[in-house]
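A.B. asks: Sharing a structure here in structure tokens format.
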Amino acid sequence: MRFSGGGKYNWITASNQRIAPLFSWWPEFKKSKIGIAGLIIVGLMVVMVLLAPLIATHGPKEKDISVGWNGGTQFWTSPWTNEGNISNTSEGDPFDDKPDDAYPGYHVLFQSVGGSMQRSFDMSNPLETDPHLQFKAKLISFEAGDEVAVLGSPDNVTWSTIQTLTDGDDDGAYHAYSIDLSTIPDWRSRKFNIKFEADLSSPDAALYLDSVKVALSAPGYDIVSPFDGFEPYAQKYQPPSSQHWLGTNSQSEDVWSRLLYSGRNSLMIGFVAAFLITTIGTSLGMSAGYFGGVLEELVMRLADILLILPRLPLLIVLSAYLRPGPWTVIMLLTVTGWAGIARSTRAQTLSVKQHSYVEASRSVGASNLRIIIQHILPNVAGIVIAAFVMEVVVAILVESGLSFLGLGSLSQPTWGVMLHFAQTDAAFTWGAWWWIVPPGLCIALIGLGFAYIGNTLNDRFVLRLRKVKPPKVKDGARQAIGLATTVKTKN
Amino acid sequence: MEDAYFKVENLVKYFALKKRGQFFGRRIHVHAVDDITFNVEKGKTYGVVGESGCGKTTLARLIMHLEKATSGKMLFKGEDITKYNRSQMKALRLKMQMIFQDPFGALNPVRSILNIIAEPIRVHSLYQGSKEEERDKVREMLEKVGLPITEEMLQKRPNELSGGERQRVGIARALILGPEFIVADEPVSMLDASIRADIISLIMKLKAENDLTYFFITHEFGVARAICDRIAVMYSGKLVEVANALQIVDHPTHPYTQLLIDAIPPLIPDPKWGTNIDIEGEVPYFTEPPPGCRFHLRCPYIMDICKESEPILKEVGSKGHFVACHLR
Amino acid sequence: MPLLEVEDLITHYYTEAGSVKAADGVSFTVEKGESIGIAGESGCGKTTVAMSIMRLIKGGAVVGGKIRLGELSLLDMPMDDFRKVRWERISLISQAAMGALNPVYTVGAQIVEAIKIHRDCSNKEAWDRARELMAQVKMDPTRAKSFPHELSGGMRQRVMIAMALACDPDLVIADEPTTALDVVTQVQVLRLLIDLQKRLGLSLIYISHELSVLGQACDRIIIMYAGKIVEMGATAEIFTSPMHPYTQKLLSSSMDIHSEIIIPESIPGKPPDLLNPPEGCRFWPRCLVRQNSCEKREPKLVLAAPGHYVACSKLSGDSKED
């Protein structure tokens with residue numbers, strides 16, 4: 001219809017008001033408290049992750065293996081090789097919780113004739129520590145001649161006697177022993193063997209052995225696993241302390257530092273993916289809207305398909321076929337994400353195309369490209385920028401989801417990857433809230449910040465909603481906003 | 001007869017009506033412009049008067065190559081421009097420009113007045129690299145159309161101007177390339193009555209100053225009479241009466257022309273005004289035109305022959321006065 | 001007793017730059033069965049007056065004055081009571097008629113909706129009334145089931161008129177009802193309005209920027225400029241002896257196809273900025289017969305001839321010492 005409104009009757013703007021062009025959006029934007037809040041949140045987080053090298057306390061992949069060794073998780077089987085009359089027994093239940101043992105041990109019973117028990121330990125740790133053999137032993141009815149020898153050998157060839165248990169130690173109760181192994185030459189062996197050899201001739205002689213450990217650290221850090229190998233640990237699952245502001249994770253890595261470096265990756269992936277999505281989506285949308293015809297049909301149907309398919313499952317399936325890594329994630333996000341913005345850009349293009357100024361440019365002889373860039377794009381820009389901001393949020397969230405499922409870029413960690421490892425390494429069971437909450441909180445915060453900004457941009461610049469506060473009305477005059485209602489007048 | 005400056009011969013434009021999702025099958029076509037022939041003399045203003053739906057806007061767009069003609073010929077200074085390609089058209093646009101109807105929609109709201117008026121010279125790369133020369137040219141144009149040439153004015157946006165001012169900017173943009181032929185599509189119909197006179201005077205003044213030829217489209221006879229030398233009345237894609245402006249106003253021959261003139265409210269209150277016009281009745285667009293005269297359904301003088309055969313434009317009465325009606 | 005009495009209406013719009021004084025002390029009356037025209041350029045406040053009467057001002061407020069409909073004081077009524085007045089006693093045919101129809105409902109349904117909001121009646125009764133109304137506006141009642149996009153501009157406007165008449169109002173305000181229409185359709189709709197007005201005994205306030213249209217439809221005409229009334233009188237008088245310089249200019253810029261003058265005169269200049277209206281006569285900068293005193297003193301609307309009011313210092317003989 002000819003009557004396109006807005007021109008003749010828009011006399012409020014015929015005064016000295018300027019509707020803010022794109023580059024003077026700031027005065028308009030700063031009127032929105034939510035927008036400013038969003039800007040502050042995002043600003044802080046971006047600064048934080050950018051300053052990572054300066055404010056992180058540790059390197060991104062640094063593991064804190066200061067002192068001590070850890071045996072890792074508990075195993076209930078015994079890798080001791082037994083010979084002779086030695087059996088596992090329960091004097092009481094060997095699996096009882098023994099408050100003074102970090103690991104419940106198992107009882108070994110040497111009886112009568114005797115036998116031997118041997119296993120090897122990896123004592124090759126590079127740190128200077130005192131190797132101690134610790135065990136508890138209860139001797140029963142030992143008589144002269146009954147003897148249990150504790151021997152050690154670095155190579156299963158040359159044996160040195162570490163300790164001898166004789167009837168002199170017999171008093172019917174458990175005794176704790178801690179024997180220094182450093183006197184044995186070459187004790188730093190990967191297969192250091194400890195053998196308990198019993199020679200019991202008395203009919204009732206018995207030795208109960210319990211909680212055999214080799215400690216390789218200063219007192220307080222002990223325990224040995226009942227199987228080969230020590231695992232370097234000191235600081236797994238450590239709660240926040242002055243050394244580690246947000247504690248450590250299962251790999252003894254500092255959570256705070258990891259948070260910052262992961263943040264970089266999260267934001268980078270989010271921004272780059274959003275940028276690509278916006279660029280591709282806008283170009284396709286504008287072209288579809290402007291040129292119409294077959295191009296429009298093709299693009300829109302493709303967009304329809306992408307919008308119908310559920311994004312996360314699709315990403316999961318696709319990522320199974322591709323090499324993991326940040327650029328794979330970005331590419332996947334882009335390919336699945338451009339459809340929404342292409343749609344809205346096309347709709348806006350169609351509406352802009354109706355205006356006479358597009359025709360006017362054509363009648364001047366402007367090329368299609370020129371018209372698209374100079375006329376369509378600026379009038380579409382409001383939508384595009386608001387959409388870009390929201391896309392960043394979506395990209396970060398989708399990437400986090402993908403990484404949480406283990407399909408993201410595990411080598412270049414992001415907050416989602418942190419959560420993934422927190423989950424697979426049983427952070428909940430360990431009660432390591434410092435590992436779970438910060439990355440989750442960061443994802444939520446950055447999402448919130450961008451959502452606030454995007455919302456403000458959308459309200460102010462796309463929908464052009466502006467609140468104009470009415471001035472204070474003088475006494476006796478009628479007060480209204482919208483429909484004129486009344487206030488009792490003085491007359 | 002001298003070689004016509006701008007000539008249109010048997011111009012036809014059919015629009016295909018697409019049913020939703022219809023890919024195959026015969027499309028039905030709307031006969032927007034159906035076999036139109038006319039000449040425009042150099043230095044004169046040729047007006048086409050008709051209501052919305054008669055096809056006049058389509059005609060304007062065909063001339064400006066914003067639509068492709070279905071068949072027929074257009075000749076500009078003797079050359080056939082109907083099938084011009086893009087680059088030929090671009091060269092031609094230096095000589096032919098258009099003024100648009102909607103003063104608000106014709107200007108891009110996010111650009112400044114300077115950029116809007118300068119766009120044509122940028123598209124044709126006329127003052128390459130010299131921003132100063134560009135600015136000067138824009139200012140020259142602003143002066144020509146009666147707008148202030150201050151820096152403030154150059155930086156304003158369309159929404160800060162009134163309707164009349166916007167239309168002047170549109171005119172400035174049309175003239176900046178120095179064309180000789182201007183197509184004006186209802187340039188004053190969206191303006192207030194009091195502003196129209198302003199713009200009309202401006203258009204006349206510019207015509208004299210720059211030796212322009214106008215093709216002027218309007219739905220108001222009063223405006224047409226003020227500006228045009230020759231007026232053609234269009235109905236349902238066909239021309240029904242063509243004559244000199246004063247001739248046609250004083251002696252409207254075709255019934256539709258009479259209707260249009262009767263419909264203008266006179267300045268003296270007249271209780272009988274409008275009583276002879278039936279409430280029903282609007283300009284139809286045809287997908288299958290009837291065999292007879294297209295106006296016959298509304299015509300008060302209908303005869304049998306009107307339903308059967310279509311009348312042709314014939315010269316009647318004084319010289320140069322053509323009518324397509326079986327009454328003559 | 002006049003049907004409608006507007007006294008000293010002042011309406012402001014709130015913008016970020018300040019309050020725009022859209023209507024600044026407008027007073028007039030409408031008698032029963034009378035049709036009044038309000039003429040003026042865009043931005044003069046005529047639509048504002050209409051919206052103030054209907055209490056539909058958005059982004060602003062009526063800050064002063066009184067509007068009386070018979071015994072009722074419209075601006076003092078609480079909203080619930082006013083809703084009974086709106087549409088049942090005063091209705092509006094607005095400018096944006098084309099957009100006022102919802103494209104997803106049939107036109108019949110929309111008329112029925114207007115009826116049912118205000119009258120307690122069954123569906124059948126409402127549809128019967130709707131068809132009756134359509135017949136009154138000379139539309140084929142079988143088209144009640146058409147959608148707006150299937151109708152032409154003129155028909156849509158007639159649907160709007162039918163809706164406005166749904167509750168048998170006493171007063172109809174028509175805000176530029178024919179502006180967007182073609183010449184012939186304009187005549188048709190105008191003729192329809194005039195006939196309806198006479199037949200149903202309605203009072204009509206007709207707003208337009210085209211004086212010639214008002215000349216055919218109205219008994220009295222009010223000329224507004226920059227938020228104020230500058231002249232008011234019987235139609236014939238205004239056309240034959242316009243007194244205010246602005247009215248004269250308006251008349252001379254209307255195109256008369258039969259007159260000798262081919263190109264009408266124009267009025268140079270623009271209306272004043274209503275954010276800060278000037279203190280004196282608002283037409284002063286564009287007036288050709290201005291005096292020095294006009295710049296500072298605002299002229300009052302005074303009776304210059306029987307039934308003919310003008311606001312002009314020169315005409316009312318105001319001199320400096322007054």
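Residues in the structure tokens are numbered from 1 in each chain, the chains being A, B, ... in the order shown, and ligands are numbered from 1 in the order shown.
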For chain B, list the residues within 9 Å of chain C, counting only C-alpha atoms, and write the list as number ranges by chain.
C.D. replies: B: 51-52, 162, 190, 192-201, 219-223, 225-227, 249-250, 259-271, 273-275, 277-282
A.B. asks: The selected residues should be written to file as a tab-separated table (two decimals), in the first residue's frame (atoms: N, CA and C atoms).
C.D. replies:
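New file out_35.tsv:
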```
chain	number	residue	atom	x	y	z
B	51	GLU	N	-5.56	5.56	-10.89
B	51	GLU	CA	-5.62	5.19	-9.49
B	51	GLU	C	-4.67	4.02	-9.21
B	52	SER	N	-4.61	3.64	-7.94
B	52	SER	CA	-3.66	2.57	-7.64
B	52	SER	C	-4.19	1.27	-8.22
B	162	SER	N	11.50	17.29	7.85
B	162	SER	CA	10.07	17.14	7.61
B	162	SER	C	9.86	16.46	6.25
B	190	MET	N	2.33	12.06	-0.90
B	190	MET	CA	2.39	11.78	0.54
B	190	MET	C	2.69	13.04	1.34
B	192	ASP	N	1.66	16.96	2.76
B	192	ASP	CA	0.53	17.81	3.11
B	192	ASP	C	0.14	18.71	1.96
B	193	ALA	N	-1.14	19.05	1.94
B	193	ALA	CA	-1.62	19.92	0.86
B	193	ALA	C	-0.82	21.20	0.76
B	194	SER	N	-0.47	21.76	1.92
B	194	SER	CA	0.22	23.05	1.86
B	194	SER	C	1.67	22.92	1.39
B	195	ILE	N	2.25	21.75	1.54
B	195	ILE	CA	3.64	21.59	1.10
B	195	ILE	C	3.70	21.23	-0.37
B	196	ARG	N	2.61	20.65	-0.87
B	196	ARG	CA	2.64	20.19	-2.24
B	196	ARG	C	2.98	21.31	-3.19
B	197	ALA	N	2.37	22.43	-2.95
B	197	ALA	CA	2.59	23.55	-3.86
B	197	ALA	C	4.06	23.89	-3.95
B	198	ASP	N	4.72	23.89	-2.81
B	198	ASP	CA	6.16	24.12	-2.74
B	198	ASP	C	6.93	23.21	-3.66
B	199	ILE	N	6.68	21.94	-3.49
B	199	ILE	CA	7.45	20.96	-4.25
B	199	ILE	C	7.12	21.05	-5.72
B	200	ILE	N	5.86	21.29	-6.01
B	200	ILE	CA	5.48	21.43	-7.42
B	200	ILE	C	6.22	22.59	-8.05
B	201	SER	N	6.27	23.73	-7.36
B	201	SER	CA	7.00	24.87	-7.92
B	201	SER	C	8.46	24.52	-8.12
B	219	HIS	N	-1.97	10.37	-9.09
B	219	HIS	CA	-3.37	9.94	-9.14
B	219	HIS	C	-4.29	11.15	-8.99
B	220	GLU	N	-3.68	12.33	-8.91
B	220	GLU	CA	-4.50	13.52	-8.76
B	220	GLU	C	-4.45	14.39	-10.00
B	221	PHE	N	-5.57	14.69	-10.50
B	221	PHE	CA	-5.65	15.49	-11.71
B	221	PHE	C	-5.16	16.91	-11.49
B	222	GLY	N	-5.45	17.44	-10.32
B	222	GLY	CA	-5.04	18.81	-10.05
B	222	GLY	C	-3.53	18.97	-10.17
B	223	VAL	N	-2.83	18.03	-9.61
B	223	VAL	CA	-1.37	18.07	-9.67
B	223	VAL	C	-0.91	17.90	-11.11
B	225	ARG	N	-2.48	18.62	-13.81
B	225	ARG	CA	-2.74	19.82	-14.60
B	225	ARG	C	-1.71	20.89	-14.33
B	226	ALA	N	-1.25	20.97	-13.07
B	226	ALA	CA	-0.29	22.01	-12.73
B	226	ALA	C	1.05	21.78	-13.41
B	227	ILE	N	1.46	20.55	-13.51
B	227	ILE	CA	2.81	20.30	-13.97
B	227	ILE	C	2.90	19.87	-15.42
B	249	VAL	N	-8.58	18.57	-19.27
B	249	VAL	CA	-9.33	19.01	-18.11
B	249	VAL	C	-10.61	19.73	-18.53
B	250	ASP	N	-10.51	20.47	-19.59
B	250	ASP	CA	-11.70	21.19	-20.04
B	250	ASP	C	-12.66	20.30	-20.79
B	259	LEU	N	-14.97	10.63	-14.61
B	259	LEU	CA	-15.11	10.17	-13.23
B	259	LEU	C	-14.01	10.74	-12.36
B	260	LEU	N	-12.78	10.68	-12.86
B	260	LEU	CA	-11.66	11.18	-12.06
B	260	LEU	C	-11.82	12.67	-11.76
B	261	ILE	N	-12.28	13.37	-12.73
B	261	ILE	CA	-12.40	14.81	-12.51
B	261	ILE	C	-13.57	15.12	-11.58
B	262	ASP	N	-14.64	14.38	-11.73
B	262	ASP	CA	-15.77	14.60	-10.84
B	262	ASP	C	-15.41	14.31	-9.40
B	263	ALA	N	-14.45	13.40	-9.23
B	263	ALA	CA	-14.14	12.96	-7.87
B	263	ALA	C	-13.35	13.98	-7.09
B	264	ILE	N	-12.88	15.01	-7.75
B	264	ILE	CA	-12.07	16.00	-7.02
B	264	ILE	C	-13.01	16.92	-6.25
B	265	PRO	N	-12.81	17.05	-4.96
B	265	PRO	CA	-13.71	17.93	-4.20
B	265	PRO	C	-13.49	19.38	-4.60
B	266	PRO	N	-14.54	20.05	-5.01
B	266	PRO	CA	-14.38	21.45	-5.40
B	266	PRO	C	-14.17	22.32	-4.17
B	267	LEU	N	-13.60	23.49	-4.41
B	267	LEU	CA	-13.32	24.34	-3.27
B	267	LEU	C	-14.56	25.03	-2.75
B	268	ILE	N	-15.63	24.97	-3.51
B	268	ILE	CA	-16.87	25.56	-3.00
B	268	ILE	C	-17.76	24.42	-2.57
B	269	PRO	N	-18.27	24.48	-1.38
B	269	PRO	CA	-19.09	23.37	-0.89
B	269	PRO	C	-20.27	23.11	-1.84
B	270	ASP	N	-20.37	21.87	-2.25
B	270	ASP	CA	-21.38	21.51	-3.23
B	270	ASP	C	-22.08	20.24	-2.75
B	271	PRO	N	-23.31	20.34	-2.33
B	271	PRO	CA	-23.98	19.16	-1.78
B	271	PRO	C	-24.17	18.06	-2.80
B	273	TRP	N	-21.95	17.07	-4.88
B	273	TRP	CA	-20.68	16.48	-5.28
B	273	TRP	C	-20.59	15.02	-4.84
B	274	GLY	N	-20.17	14.19	-5.74
B	274	GLY	CA	-19.95	12.78	-5.40
B	274	GLY	C	-21.20	11.94	-5.43
B	275	THR	N	-22.36	12.56	-5.62
B	275	THR	CA	-23.58	11.76	-5.55
B	275	THR	C	-23.73	10.88	-6.77
B	277	ILE	N	-21.42	9.06	-8.05
B	277	ILE	CA	-20.42	7.98	-8.08
B	277	ILE	C	-20.90	6.84	-7.21
B	278	ASP	N	-20.95	5.70	-7.81
B	278	ASP	CA	-21.44	4.54	-7.11
B	278	ASP	C	-20.42	4.07	-6.08
B	279	ILE	N	-20.92	3.57	-5.00
B	279	ILE	CA	-20.00	3.22	-3.91
B	279	ILE	C	-19.08	2.06	-4.30
B	280	GLU	N	-19.60	1.11	-5.00
B	280	GLU	CA	-18.75	0.00	-5.41
B	280	GLU	C	-17.98	0.42	-6.64
B	281	GLY	N	-16.87	-0.14	-6.79
B	281	GLY	CA	-16.15	0.20	-8.01
B	281	GLY	C	-14.73	0.54	-7.70
B	282	GLU	N	-13.83	-0.29	-8.12
B	282	GLU	CA	-12.43	-0.01	-7.93
B	282	GLU	C	-11.69	-0.51	-9.15
```
A.B. asks: Please determine the contact residues of chain C with respect to chain A at a cut-off of 7 Å, counting only C-alpha atoms, and supply them as a count of residues only.
C.D. replies: 21
A.B. asks: What's the 7 Å shell around segment 131-148 of chain B, counting only C-alpha atoms, without same-chain residues fewer than 2 positions away, as a PDB file with N, CA and C atoms, in the first residue's frame?
C.D. replies:
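Result written to part-v5.pdb:
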```pdb
ATOM      1  N   LEU B 114      24.401  13.983   3.555  1.00  0.00           N
ATOM      2  CA  LEU B 114      25.560  14.069   2.667  1.00  0.00           C
ATOM      3  C   LEU B 114      25.754  12.759   1.929  1.00  0.00           C
ATOM      4  N   ILE B 117      22.879  11.973  -0.671  1.00  0.00           N
ATOM      5  CA  ILE B 117      22.919  12.708  -1.936  1.00  0.00           C
ATOM      6  C   ILE B 117      24.175  12.355  -2.717  1.00  0.00           C
ATOM      7  N   ALA B 118      25.255  12.061  -2.020  1.00  0.00           N
ATOM      8  CA  ALA B 118      26.502  11.780  -2.730  1.00  0.00           C
ATOM      9  C   ALA B 118      26.543  10.378  -3.308  1.00  0.00           C
ATOM     10  N   TYR B 127      33.788  11.725  -8.748  1.00  0.00           N
ATOM     11  CA  TYR B 127      34.809  12.614  -8.175  1.00  0.00           C
ATOM     12  C   TYR B 127      35.757  11.757  -7.374  1.00  0.00           C
ATOM     13  N   GLY B 129      38.104  10.134  -5.204  1.00  0.00           N
ATOM     14  CA  GLY B 129      39.126  10.510  -4.225  1.00  0.00           C
ATOM     15  C   GLY B 129      39.014  11.914  -3.699  1.00  0.00           C
ATOM     16  N   THR B 150      24.345  24.256   5.230  1.00  0.00           N
ATOM     17  CA  THR B 150      25.236  24.249   6.388  1.00  0.00           C
ATOM     18  C   THR B 150      25.779  22.853   6.644  1.00  0.00           C
ATOM     19  N   MET B 153      23.305  20.641   8.276  1.00  0.00           N
ATOM     20  CA  MET B 153      22.346  20.009   7.371  1.00  0.00           C
ATOM     21  C   MET B 153      22.939  18.756   6.757  1.00  0.00           C
ATOM     22  N   ARG B 168      12.743  17.002  -0.969  1.00  0.00           N
ATOM     23  CA  ARG B 168      13.745  17.816  -1.644  1.00  0.00           C
ATOM     24  C   ARG B 168      15.078  17.092  -1.717  1.00  0.00           C
ATOM     25  N   ALA B 172      17.226  16.227  -4.946  1.00  0.00           N
ATOM     26  CA  ALA B 172      18.646  16.546  -5.089  1.00  0.00           C
ATOM     27  C   ALA B 172      19.425  15.306  -5.514  1.00  0.00           C
ATOM     28  N   ILE B 176      21.715  14.956  -9.087  1.00  0.00           N
ATOM     29  CA  ILE B 176      23.144  15.212  -8.916  1.00  0.00           C
ATOM     30  C   ILE B 176      23.975  14.679 -10.082  1.00  0.00           C
ATOM     31  N   LEU B 202       9.007  23.809  -7.153  1.00  0.00           N
ATOM     32  CA  LEU B 202      10.411  23.432  -7.265  1.00  0.00           C
ATOM     33  C   LEU B 202      10.645  22.576  -8.496  1.00  0.00           C
TER      34      LEU B 202
END
```
A.B. asks: Taking only C-alpha atoms into account, produce a table as JSON lines in which each residue of chain B with an atom at most 10 Å from an atom of chain A appears once, together with its shortest atom pair and the distance in Å to one decimal, ordered by chain and rising number.
C.D. replies:
```
{"residue": "B:Ser52", "atom": "CA", "partner": "A:Arg2", "partner_atom": "CA", "distance": 8.6}
{"residue": "B:Arg61", "atom": "CA", "partner": "A:Ser363", "partner_atom": "CA", "distance": 9.0}
{"residue": "B:Met64", "atom": "CA", "partner": "A:Ser363", "partner_atom": "CA", "distance": 6.4}
{"residue": "B:His65", "atom": "CA", "partner": "A:Ser363", "partner_atom": "CA", "distance": 7.6}
{"residue": "B:Leu66", "atom": "CA", "partner": "A:Ser363", "partner_atom": "CA", "distance": 6.9}
{"residue": "B:Arg86", "atom": "CA", "partner": "A:Gly365", "partner_atom": "CA", "distance": 8.3}
{"residue": "B:Ser87", "atom": "CA", "partner": "A:Gly365", "partner_atom": "CA", "distance": 8.8}
{"residue": "B:Met89", "atom": "CA", "partner": "A:Gly365", "partner_atom": "CA", "distance": 7.4}
{"residue": "B:Lys90", "atom": "CA", "partner": "A:Gly365", "partner_atom": "CA", "distance": 5.1}
{"residue": "B:Ala91", "atom": "CA", "partner": "A:Gly365", "partner_atom": "CA", "distance": 8.4}
{"residue": "B:Leu92", "atom": "CA", "partner": "A:Gly365", "partner_atom": "CA", "distance": 9.0}
{"residue": "B:Arg93", "atom": "CA", "partner": "A:Val364", "partner_atom": "CA", "distance": 6.1}
{"residue": "B:Leu94", "atom": "CA", "partner": "A:Val364", "partner_atom": "CA", "distance": 7.9}
{"residue": "B:Met96", "atom": "CA", "partner": "A:Val364", "partner_atom": "CA", "distance": 8.7}
{"residue": "B:Gln97", "atom": "CA", "partner": "A:Ser363", "partner_atom": "CA", "distance": 6.8}
{"residue": "B:Met98", "atom": "CA", "partner": "A:Ser363", "partner_atom": "CA", "distance": 6.9}
{"residue": "B:Ile99", "atom": "CA", "partner": "A:Ala360", "partner_atom": "CA", "distance": 8.0}
{"residue": "B:Phe100", "atom": "CA", "partner": "A:Ser356", "partner_atom": "CA", "distance": 7.0}
{"residue": "B:Gln101", "atom": "CA", "partner": "A:Ser356", "partner_atom": "CA", "distance": 8.2}
{"residue": "B:Asp102", "atom": "CA", "partner": "A:Ser356", "partner_atom": "CA", "distance": 7.1}
{"residue": "B:Pro103", "atom": "CA", "partner": "A:Gly7", "partner_atom": "CA", "distance": 7.1}
{"residue": "B:Phe104", "atom": "CA", "partner": "A:Gly7", "partner_atom": "CA", "distance": 5.2}
{"residue": "B:Gly105", "atom": "CA", "partner": "A:Ser356", "partner_atom": "CA", "distance": 5.1}
{"residue": "B:Ala106", "atom": "CA", "partner": "A:Tyr357", "partner_atom": "CA", "distance": 4.0}
{"residue": "B:Leu107", "atom": "CA", "partner": "A:Tyr357", "partner_atom": "CA", "distance": 5.1}
{"residue": "B:Asn108", "atom": "CA", "partner": "A:Tyr357", "partner_atom": "CA", "distance": 5.8}
{"residue": "B:Pro109", "atom": "CA", "partner": "A:Asn379", "partner_atom": "CA", "distance": 8.2}
{"residue": "B:Val110", "atom": "CA", "partner": "A:Pro21", "partner_atom": "CA", "distance": 6.3}
{"residue": "B:Arg111", "atom": "CA", "partner": "A:Pro21", "partner_atom": "CA", "distance": 8.4}
{"residue": "B:Ser112", "atom": "CA", "partner": "A:Pro21", "partner_atom": "CA", "distance": 9.8}
{"residue": "B:Ile116", "atom": "CA", "partner": "A:Tyr357", "partner_atom": "CA", "distance": 9.3}
{"residue": "B:Glu119", "atom": "CA", "partner": "A:Ser361", "partner_atom": "CA", "distance": 8.0}
{"residue": "B:Pro120", "atom": "CA", "partner": "A:Val364", "partner_atom": "CA", "distance": 5.8}
{"residue": "B:Ile121", "atom": "CA", "partner": "A:Val364", "partner_atom": "CA", "distance": 9.1}
{"residue": "B:Arg122", "atom": "CA", "partner": "A:Ala366", "partner_atom": "CA", "distance": 9.1}
{"residue": "B:Val123", "atom": "CA", "partner": "A:Ala366", "partner_atom": "CA", "distance": 5.6}
{"residue": "B:His124", "atom": "CA", "partner": "A:Gly365", "partner_atom": "CA", "distance": 7.9}
{"residue": "B:Lys156", "atom": "CA", "partner": "A:Arg18", "partner_atom": "CA", "distance": 8.2}
{"residue": "B:Arg157", "atom": "CA", "partner": "A:Arg18", "partner_atom": "CA", "distance": 7.5}
{"residue": "B:Pro158", "atom": "CA", "partner": "A:Ala14", "partner_atom": "CA", "distance": 9.6}
{"residue": "B:Asn159", "atom": "CA", "partner": "A:Thr13", "partner_atom": "CA", "distance": 6.5}
{"residue": "B:Glu160", "atom": "CA", "partner": "A:Ala14", "partner_atom": "CA", "distance": 5.1}
{"residue": "B:Leu161", "atom": "CA", "partner": "A:Ala14", "partner_atom": "CA", "distance": 5.9}
{"residue": "B:Ser162", "atom": "CA", "partner": "A:Ala14", "partner_atom": "CA", "distance": 6.2}
{"residue": "B:Gly163", "atom": "CA", "partner": "A:Lys8", "partner_atom": "CA", "distance": 6.0}
{"residue": "B:Gly164", "atom": "CA", "partner": "A:Lys8", "partner_atom": "CA", "distance": 9.2}
{"residue": "B:Arg166", "atom": "CA", "partner": "A:Gly7", "partner_atom": "CA", "distance": 9.3}
{"residue": "B:Gly170", "atom": "CA", "partner": "A:Ala360", "partner_atom": "CA", "distance": 9.0}
{"residue": "B:Arg173", "atom": "CA", "partner": "A:Val364", "partner_atom": "CA", "distance": 9.1}
{"residue": "B:Ala174", "atom": "CA", "partner": "A:Val364", "partner_atom": "CA", "distance": 8.0}
{"residue": "B:Leu177", "atom": "CA", "partner": "A:Val364", "partner_atom": "CA", "distance": 9.0}
{"residue": "B:Ser189", "atom": "CA", "partner": "A:Arg2", "partner_atom": "CA", "distance": 9.3}
{"residue": "B:Met190", "atom": "CA", "partner": "A:Lys8", "partner_atom": "CA", "distance": 7.7}
{"residue": "B:Leu191", "atom": "CA", "partner": "A:Lys8", "partner_atom": "CA", "distance": 7.2}
{"residue": "B:Asp192", "atom": "CA", "partner": "A:Lys8", "partner_atom": "CA", "distance": 7.8}
```
A.B. asks: Please provide the set of residues having any atom within 12 Å of Ala23 of chain C, restricted to only C-alpha atoms, with same-chain residues fewer than 3 positions apart removed, written as a PyMOL selection string.
C.D. replies: chain C and resi 6-13+19-20+26-27+43-53+57+60-65+224-229+274-275+277
A.B. asks: Under the rule that only C-alpha atoms are counted, which of B:Val12, B:Cys299, B:Ala32, B:Val316 is the nearest residue to Ser236 of chain B?
C.D. replies: B:Ala32
A.B. asks: Just the residues within 6 Å of Ile67 of chain C, please, counting only C-alpha atoms, with nothing from its chain fewer than 5 positions along; format it as a PyMOL selection string.
C.D. replies: chain C and resi 5-6+73-74
A.B. asks: Could you check how far atom CA of Trp327 of chain A sits from atom CA of Ser400 of chain A, in Å to one decimal?
C.D. replies: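 Here the two named atoms are 14.4 Å from each other.
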A.B. asks: Report as a CSV table (one decimal) with C-alpha atoms, in the first residue's frame all protein, DNA and RNA residues lying within 10 Å of Tyr235 of chain B, evaluated on only C-alpha atoms, omitting residues in the same chain fewer than 6 positions from it.
C.D. replies:
```
chain,number,residue,atom,x,y,z
B,33,VAL,CA,0.8,-3.1,-18.3
B,49,VAL,CA,-2.9,9.8,-14.3
B,50,GLY,CA,-4.6,6.8,-12.7
B,51,GLU,CA,-5.6,5.2,-9.5
B,52,SER,CA,-3.7,2.6,-7.6
B,53,GLY,CA,-3.7,-0.8,-9.4
B,54,CYS,CA,-3.9,0.7,-12.9
B,55,GLY,CA,-0.3,-0.1,-13.6
B,56,LYS,CA,1.3,3.3,-13.7
B,241,GLU,CA,-7.3,9.0,-23.0
B,256,TYR,CA,-13.3,7.3,-16.7
B,257,THR,CA,-11.6,10.7,-17.1
B,283,VAL,CA,-9.7,-0.5,-10.5
B,284,PRO,CA,-9.5,-4.1,-11.2
B,285,TYR,CA,-6.4,-6.0,-12.2
B,294,ARG,CA,-12.1,-2.9,-19.4
B,295,PHE,CA,-14.1,-0.1,-17.9
```
